[in-house]
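> For reference, this is data.pdb, and it has PDB, C-alpha atoms.
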ATOM      1  CA  MET A   1     111.772  43.744 -70.056
ATOM      2  CA  ASP A   2     108.608  43.838 -67.966
ATOM      3  CA  TYR A   3     109.641  42.542 -64.528
ATOM      4  CA  ARG A   4     106.135  42.913 -63.080
ATOM      5  CA  LYS A   5     104.610  40.751 -65.831
ATOM      6  CA  ILE A   6     107.320  38.078 -65.480
ATOM      7  CA  ARG A   7     106.836  37.953 -61.711
ATOM      8  CA  ASN A   8     103.033  37.935 -61.936
ATOM      9  CA  ASP A   9     103.019  35.161 -64.564
ATOM     10  CA  ILE A  10     105.248  32.920 -62.439
ATOM     11  CA  VAL A  11     103.299  33.580 -59.225
ATOM     12  CA  LYS A  12      99.966  32.997 -60.978
ATOM     13  CA  GLY A  13     101.087  29.720 -62.554
ATOM     14  CA  LEU A  14     102.582  28.393 -59.315
ATOM     15  CA  ARG A  15      99.517  29.403 -57.266
ATOM     16  CA  ILE A  16      97.155  27.602 -59.629
ATOM     17  CA  PHE A  17      99.309  24.447 -59.747
ATOM     18  CA  LEU A  18     100.193  24.249 -56.036
ATOM     19  CA  GLY A  19      96.977  25.582 -54.507
ATOM     20  CA  VAL A  20      98.833  27.510 -51.767
ATOM     21  CA  ASP A  21      99.660  31.161 -51.115
ATOM     22  CA  ILE A  22     102.755  32.527 -52.901
ATOM     23  CA  VAL A  23     104.346  35.581 -51.217
ATOM     24  CA  PRO A  24     107.531  37.646 -51.587
ATOM     25  CA  THR A  25     110.278  36.306 -49.295
ATOM     26  CA  ASP A  26     111.049  39.709 -47.798
ATOM     27  CA  ASP A  27     107.393  40.702 -47.289
ATOM     28  CA  ILE A  28     106.956  42.328 -43.880
ATOM     29  CA  GLY A  29     103.222  41.636 -43.849
ATOM     30  CA  LYS A  30     101.526  38.872 -41.905
ATOM     31  CA  LYS A  31     102.629  35.365 -42.899
ATOM     32  CA  PRO A  32     100.031  33.215 -44.630
ATOM     33  CA  LYS A  33      98.896  30.002 -42.984
ATOM     34  CA  TYR A  34     101.014  26.915 -43.603
ATOM     35  CA  PRO A  35     101.871  25.532 -46.067
ATOM     36  CA  TYR A  36     102.925  28.393 -48.326
ATOM     37  CA  VAL A  37     105.661  29.369 -50.772
ATOM     38  CA  SER A  38     107.895  32.428 -50.956
ATOM     39  CA  TYR A  39     109.971  33.773 -53.846
ATOM     40  CA  LYS A  40     112.749  36.291 -54.346
ATOM     41  CA  PHE A  41     114.437  37.366 -57.576
ATOM     42  CA  THR A  42     118.041  37.156 -56.387
ATOM     43  CA  THR A  43     119.558  38.110 -59.746
ATOM     44  CA  LEU A  44     117.416  40.383 -61.855
ATOM     45  CA  LYS A  45     119.388  40.407 -65.099
ATOM     46  CA  ILE A  46     122.369  38.402 -66.331
ATOM     47  CA  PRO A  47     123.259  39.583 -69.862
ATOM     48  CA  GLN A  48     124.002  36.713 -72.236
ATOM     49  CA  GLY A  49     126.746  37.919 -74.542
ATOM     50  CA  SER A  50     125.519  39.689 -77.629
ATOM     51  CA  HIS A  51     122.332  41.478 -78.476
ATOM     52  CA  ASN A  52     120.637  42.384 -81.750
ATOM     53  CA  ILE A  53     119.933  45.874 -83.036
ATOM     54  CA  TYR A  54     117.883  46.441 -86.137
ATOM     55  CA  LYS A  55     115.613  48.998 -87.767
ATOM     56  CA  ASP A  56     112.152  48.707 -89.230
ATOM     57  CA  ILE A  57     109.988  51.038 -91.265
ATOM     58  CA  VAL A  58     106.684  51.829 -89.534
ATOM     59  CA  PRO A  59     103.751  54.111 -90.331
ATOM     60  CA  SER A  60     104.473  57.658 -89.149
ATOM     61  CA  SER A  61     102.698  59.147 -86.167
ATOM     62  CA  ASN A  62     103.046  62.542 -87.885
ATOM     63  CA  ASP A  63     100.451  63.254 -90.614
ATOM     64  CA  LYS A  64     103.108  65.104 -92.648
ATOM     65  CA  PHE A  65     105.142  61.936 -93.146
ATOM     66  CA  GLU A  66     104.320  58.504 -94.499
ATOM     67  CA  TYR A  67     106.910  56.497 -92.563
ATOM     68  CA  ASP A  68     109.163  56.628 -89.529
ATOM     69  CA  ILE A  69     112.077  54.430 -88.474
ATOM     70  CA  GLU A  70     111.713  52.163 -85.442
ATOM     71  CA  HIS A  71     114.993  51.187 -83.738
ATOM     72  CA  ILE A  72     114.811  47.846 -81.914
ATOM     73  CA  ARG A  73     117.280  46.219 -79.511
ATOM     74  CA  THR A  74     116.719  42.643 -78.351
ATOM     75  CA  GLU A  75     118.547  40.348 -75.960
ATOM     76  CA  GLN A  76     117.746  37.264 -73.884
ATOM     77  CA  PRO A  77     119.033  37.795 -70.337
ATOM     78  CA  LYS A  78     118.775  35.247 -67.537
ATOM     79  CA  MET A  79     117.159  35.820 -64.128
ATOM     80  CA  VAL A  80     117.501  33.767 -60.940
ATOM     81  CA  ILE A  81     114.604  33.198 -58.541
ATOM     82  CA  SER A  82     114.989  31.648 -55.085
ATOM     83  CA  ILE A  83     111.844  29.760 -54.079
ATOM     84  CA  SER A  84     111.121  28.206 -50.692
ATOM     85  CA  ALA A  85     108.331  25.945 -49.401
ATOM     86  CA  TYR A  86     107.232  26.528 -45.777
ATOM     87  CA  SER A  87     105.446  24.142 -43.426
ATOM     88  CA  THR A  88     105.390  22.859 -39.849
ATOM     89  CA  ASP A  89     105.758  19.320 -41.234
ATOM     90  CA  ASP A  90     108.893  17.902 -42.909
ATOM     91  CA  VAL A  91     107.063  15.721 -45.405
ATOM     92  CA  GLU A  92     104.718  18.538 -46.444
ATOM     93  CA  SER A  93     107.601  20.961 -47.086
ATOM     94  CA  TYR A  94     109.539  18.294 -49.040
ATOM     95  CA  GLN A  95     106.536  17.466 -51.195
ATOM     96  CA  LEU A  96     105.755  21.118 -51.850
ATOM     97  CA  ALA A  97     109.379  21.737 -52.937
ATOM     98  CA  LEU A  98     109.230  18.707 -55.242
ATOM     99  CA  ASN A  99     105.992  20.038 -56.743
ATOM    100  CA  ILE A 100     107.609  23.453 -57.311
ATOM    101  CA  GLU A 101     110.501  21.797 -59.134
ATOM    102  CA  SER A 102     108.072  19.686 -61.155
ATOM    103  CA  TRP A 103     106.099  22.760 -62.226
ATOM    104  CA  PHE A 104     109.189  24.594 -63.453
ATOM    105  CA  LYS A 105     110.641  21.548 -65.219
ATOM    106  CA  PHE A 106     107.478  20.016 -66.679
ATOM    107  CA  HIS A 107     103.918  20.990 -65.723
ATOM    108  CA  GLY A 108     104.408  24.738 -66.179
ATOM    109  CA  TYR A 109     106.496  24.483 -69.365
ATOM    110  CA  GLU A 110     103.756  25.456 -71.849
ATOM    111  CA  PHE A 111     102.342  28.172 -69.568
ATOM    112  CA  LEU A 112     105.780  29.728 -69.140
ATOM    113  CA  LYS A 113     106.609  29.408 -72.855
ATOM    114  CA  GLU A 114     103.352  31.165 -73.823
ATOM    115  CA  ASN A 115     104.432  34.037 -71.563
ATOM    116  CA  GLY A 116     107.957  34.328 -73.001
ATOM    117  CA  ILE A 117     109.733  32.578 -70.120
ATOM    118  CA  VAL A 118     112.079  29.615 -70.577
ATOM    119  CA  VAL A 119     113.486  27.584 -67.664
ATOM    120  CA  VAL A 120     117.241  27.198 -68.102
ATOM    121  CA  ASP A 121     118.084  25.319 -64.904
ATOM    122  CA  THR A 122     116.907  24.388 -61.423
ATOM    123  CA  SER A 123     119.258  23.846 -58.499
ATOM    124  CA  ASN A 124     119.103  20.916 -56.114
ATOM    125  CA  ILE A 125     116.372  21.146 -53.482
ATOM    126  CA  GLN A 126     118.048  22.292 -50.257
ATOM    127  CA  ASP A 127     117.079  22.309 -46.590
ATOM    128  CA  ARG A 128     116.393  25.871 -45.440
ATOM    129  CA  THR A 129     114.779  25.022 -42.080
ATOM    130  CA  ILE A 130     115.124  27.612 -39.296
ATOM    131  CA  GLN A 131     114.460  27.576 -35.566
ATOM    132  CA  ILE A 132     111.818  29.985 -34.302
ATOM    133  CA  VAL A 133     111.949  30.190 -30.476
ATOM    134  CA  ASP A 134     111.204  26.602 -29.353
ATOM    135  CA  ASP A 135     110.027  25.226 -32.680
ATOM    136  CA  TYR A 136     111.230  24.769 -36.253
ATOM    137  CA  GLU A 137     109.812  26.168 -39.444
ATOM    138  CA  LYS A 138     110.401  23.471 -42.064
ATOM    139  CA  ARG A 139     111.710  24.996 -45.272
ATOM    140  CA  GLN A 140     112.888  23.414 -48.471
ATOM    141  CA  GLY A 141     113.964  25.495 -51.425
ATOM    142  CA  LEU A 142     115.585  25.722 -54.805
ATOM    143  CA  ASP A 143     116.871  28.340 -57.210
ATOM    144  CA  VAL A 144     115.441  28.564 -60.711
ATOM    145  CA  THR A 145     117.275  30.202 -63.611
ATOM    146  CA  ILE A 146     115.020  31.495 -66.376
ATOM    147  CA  ARG A 147     115.610  33.275 -69.679
ATOM    148  CA  VAL A 148     113.338  36.035 -70.947
ATOM    149  CA  MET A 149     113.190  38.336 -73.971
ATOM    150  CA  ASP A 150     114.156  41.968 -73.406
ATOM    151  CA  ILE A 151     112.981  44.246 -76.235
ATOM    152  CA  GLN A 152     113.670  47.973 -76.264
ATOM    153  CA  LYS A 153     112.307  50.313 -78.954
ATOM    154  CA  PHE A 154     112.283  53.939 -79.977
ATOM    155  CA  THR A 155     111.067  55.676 -83.119
ATOM    156  CA  THR A 156     112.640  58.513 -85.113
ATOM    157  CA  GLU A 157     110.918  60.539 -87.786
ATOM    158  CA  THR A 158     112.214  60.190 -91.302
ATOM    159  CA  ILE A 159     113.738  63.162 -93.069
ATOM    160  CA  GLU A 160     111.501  63.829 -96.042
ATOM    161  CA  GLU A 161     113.397  66.907 -97.169
ATOM    162  CA  THR A 162     116.247  69.089 -95.983
ATOM    163  CA  GLU A 163     117.890  72.335 -96.958
ATOM    164  CA  ILE A 164     121.618  72.407 -97.725
ATOM    165  CA  ASN A 165     123.195  75.704 -98.810
ATOM    166  CA  LYS A 166     119.703  77.159 -99.371
ATOM    167  CA  GLU A 167     118.808  74.390-101.809
ATOM    168  CA  VAL A 168     115.918  72.065-100.893
ATOM    169  CA  ILE A 169     116.800  68.422-101.362
ATOM    170  CA  GLN A 170     114.132  65.732-101.352
TER     171      GLN A 170
END
Any chance you could put this one into structure tokens?

Amino acid sequence: MDYRKIRNDIVKGLRIFLGVDIVPTDDIGKKPKYPYVSYKFTTLKIPQGSHNIYKDIVPSSNDKFEYDIEHIRTEQPKMVISISAYSTDDVESYQLALNIESWFKFHGYEFLKENGIVVVDTSNIQDRTIQIVDDYEKRQGLDVTIRVMDIQKFTTETIEETEINKEVIQ
């Protein structure tokens, strides 16, 4: 599973659709100008029951052998992302949160699918507003559950011949 690619694909798609900065929630850098969106993967991997293990014959990387065996394990775990819209205006933060939900449920469907990401569920949009000194930072947010493909592989060389009790067997 390539976390960096999954994260980058989601951030890229959201940024293009929303037209605002998308930053990690726990980023200690300078905040972007309002409005903006933050994200945090709150659950990185939720296994979904069974997995598949199979073998495939592949061309050998060793010139002495014709084929090797590739061992492949696949599963489709879920991930949960918490996404928040930030603004100094209630209506702007509400609309941005609605647009985020719309992208995950509809507008971003094909983009996500092409990148191996499927939206399983979105939570209700919730008020996440906080007070900062004498003012309020308007925040609306939702959690998005996605499913991705996790593929793990390794290759072993085939045994072309072996010696048992000093007799070569092919």
> Using Å and a single decimal, report how far atom CA of A:Tyr86 sits from atom CA of A:Asp27.
14.3 Å
> Please list as a PyMOL selection string every residue within 7 Å of stretch 1-6 of chain A, counting only C-alpha atoms and excluding residues in the same chain fewer than 6 positions away.
chain A and resi 149-151
> Mind listing whatever residues come within 8 Å of the point (112.7, 55.1, -84.2)? Use all atoms listed in the file, file coordinates, and give them as a count of residues only.
11
> Kindly resolve the PyMOL selection byres ((chain A and resi 83) around 8) on the present coordinates and return the residues as a PDB file with C-alpha atoms, in the frame of the given file.

ATOM      1  CA  VAL A  37     105.661  29.369 -50.772  1.00  0.00           C
ATOM      2  CA  SER A  38     107.895  32.428 -50.956  1.00  0.00           C
ATOM      3  CA  TYR A  39     109.971  33.773 -53.846  1.00  0.00           C
ATOM      4  CA  LYS A  40     112.749  36.291 -54.346  1.00  0.00           C
ATOM      5  CA  ILE A  81     114.604  33.198 -58.541  1.00  0.00           C
ATOM      6  CA  SER A  82     114.989  31.648 -55.085  1.00  0.00           C
ATOM      7  CA  SER A  84     111.121  28.206 -50.692  1.00  0.00           C
ATOM      8  CA  ALA A  85     108.331  25.945 -49.401  1.00  0.00           C
ATOM      9  CA  GLY A 141     113.964  25.495 -51.425  1.00  0.00           C
ATOM     10  CA  LEU A 142     115.585  25.722 -54.805  1.00  0.00           C
ATOM     11  CA  ASP A 143     116.871  28.340 -57.210  1.00  0.00           C
ATOM     12  CA  VAL A 144     115.441  28.564 -60.711  1.00  0.00           C
TER      13      VAL A 144
END
> I'd like to see the residues matched by the PyMOL selection byres ((chain A and resi 13) around 10) on this file, and ideally I'd get them as a PyMOL selection string.
chain A and resi 8-12+14-19+103-104+107-108+111-112
> Using all atoms listed in the file, which of A:Lys138, A:Pro77, A:Asn62, A:Pro47 sits nearest A:Tyr34?
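For A:Tyr34, the nearest of the candidates is A:Lys138.
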> With the PyMOL selection byres ((chain A and resi 78) around 8) as the selection, what would be picked from this file? Answer as a ChimeraX atom specification, please.
/A:44-48,76-77,79-80,145-148
> Which is closer to A:Ile132 than all the others in A:Glu114, A:Thr88, A:Tyr54, A:Gly49, using only C-alpha atoms?
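Going through A:Glu114, A:Thr88, A:Tyr54, A:Gly49 one by one, the smallest distance to A:Ile132 is for A:Thr88.
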> Have a look at A:His51, A:Lys64, A:Lys31, A:Lys105 and name the one nearest to A:Val118; count only C-alpha atoms.
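With only C-alpha atoms as the atom set, the closest residue is A:Lys105.
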> Please report the interatomic distance between atom CA of A:Glu92 and atom CA of A:Lys113 in Å with one decimal.
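Going from atom CA of A:Glu92 over to atom CA of A:Lys113, I get 28.6 Å.
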> Any idea what the distance is between atom CA of A:Asn115 and atom CA of A:Val58?
25.4 Å
> Which is closer to A:Pro32 than all the others in A:Ser87, A:Ser50, A:Tyr67, A:Tyr109, using all atoms listed in the file?
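Looking at the shortest contact to A:Pro32, the residue is A:Ser87.
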> Could you work out an axis-aligned bounding box for all listed atoms of stretch 105-119 of chain A, with 6 Å added on each of the six sides, and give its centre and edge lengths in Å to one decimal, as lines of an AutoDock Vina configuration file?

center_x = 107.9
center_y = 27.2
center_z = -69.5
size_x = 23.1
size_y = 26.3
size_z = 20.6
> For a quick check of understanding, using all atoms listed in the file, which of A:Gln140, A:Thr25, A:Asn165, A:Thr158 has the smallest distance to A:Phe65?
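Checking each of A:Gln140, A:Thr25, A:Asn165, A:Thr158 against A:Phe65, counting all atoms listed in the file, the winner is A:Thr158.
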> My list of candidates is A:Asp26, A:Glu110, A:Asp127, A:Glu75. Which is closest to A:Tyr94 when distances are computed with only C-alpha atoms?
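Ranked by minimum distance to A:Tyr94, first place goes to A:Asp127.
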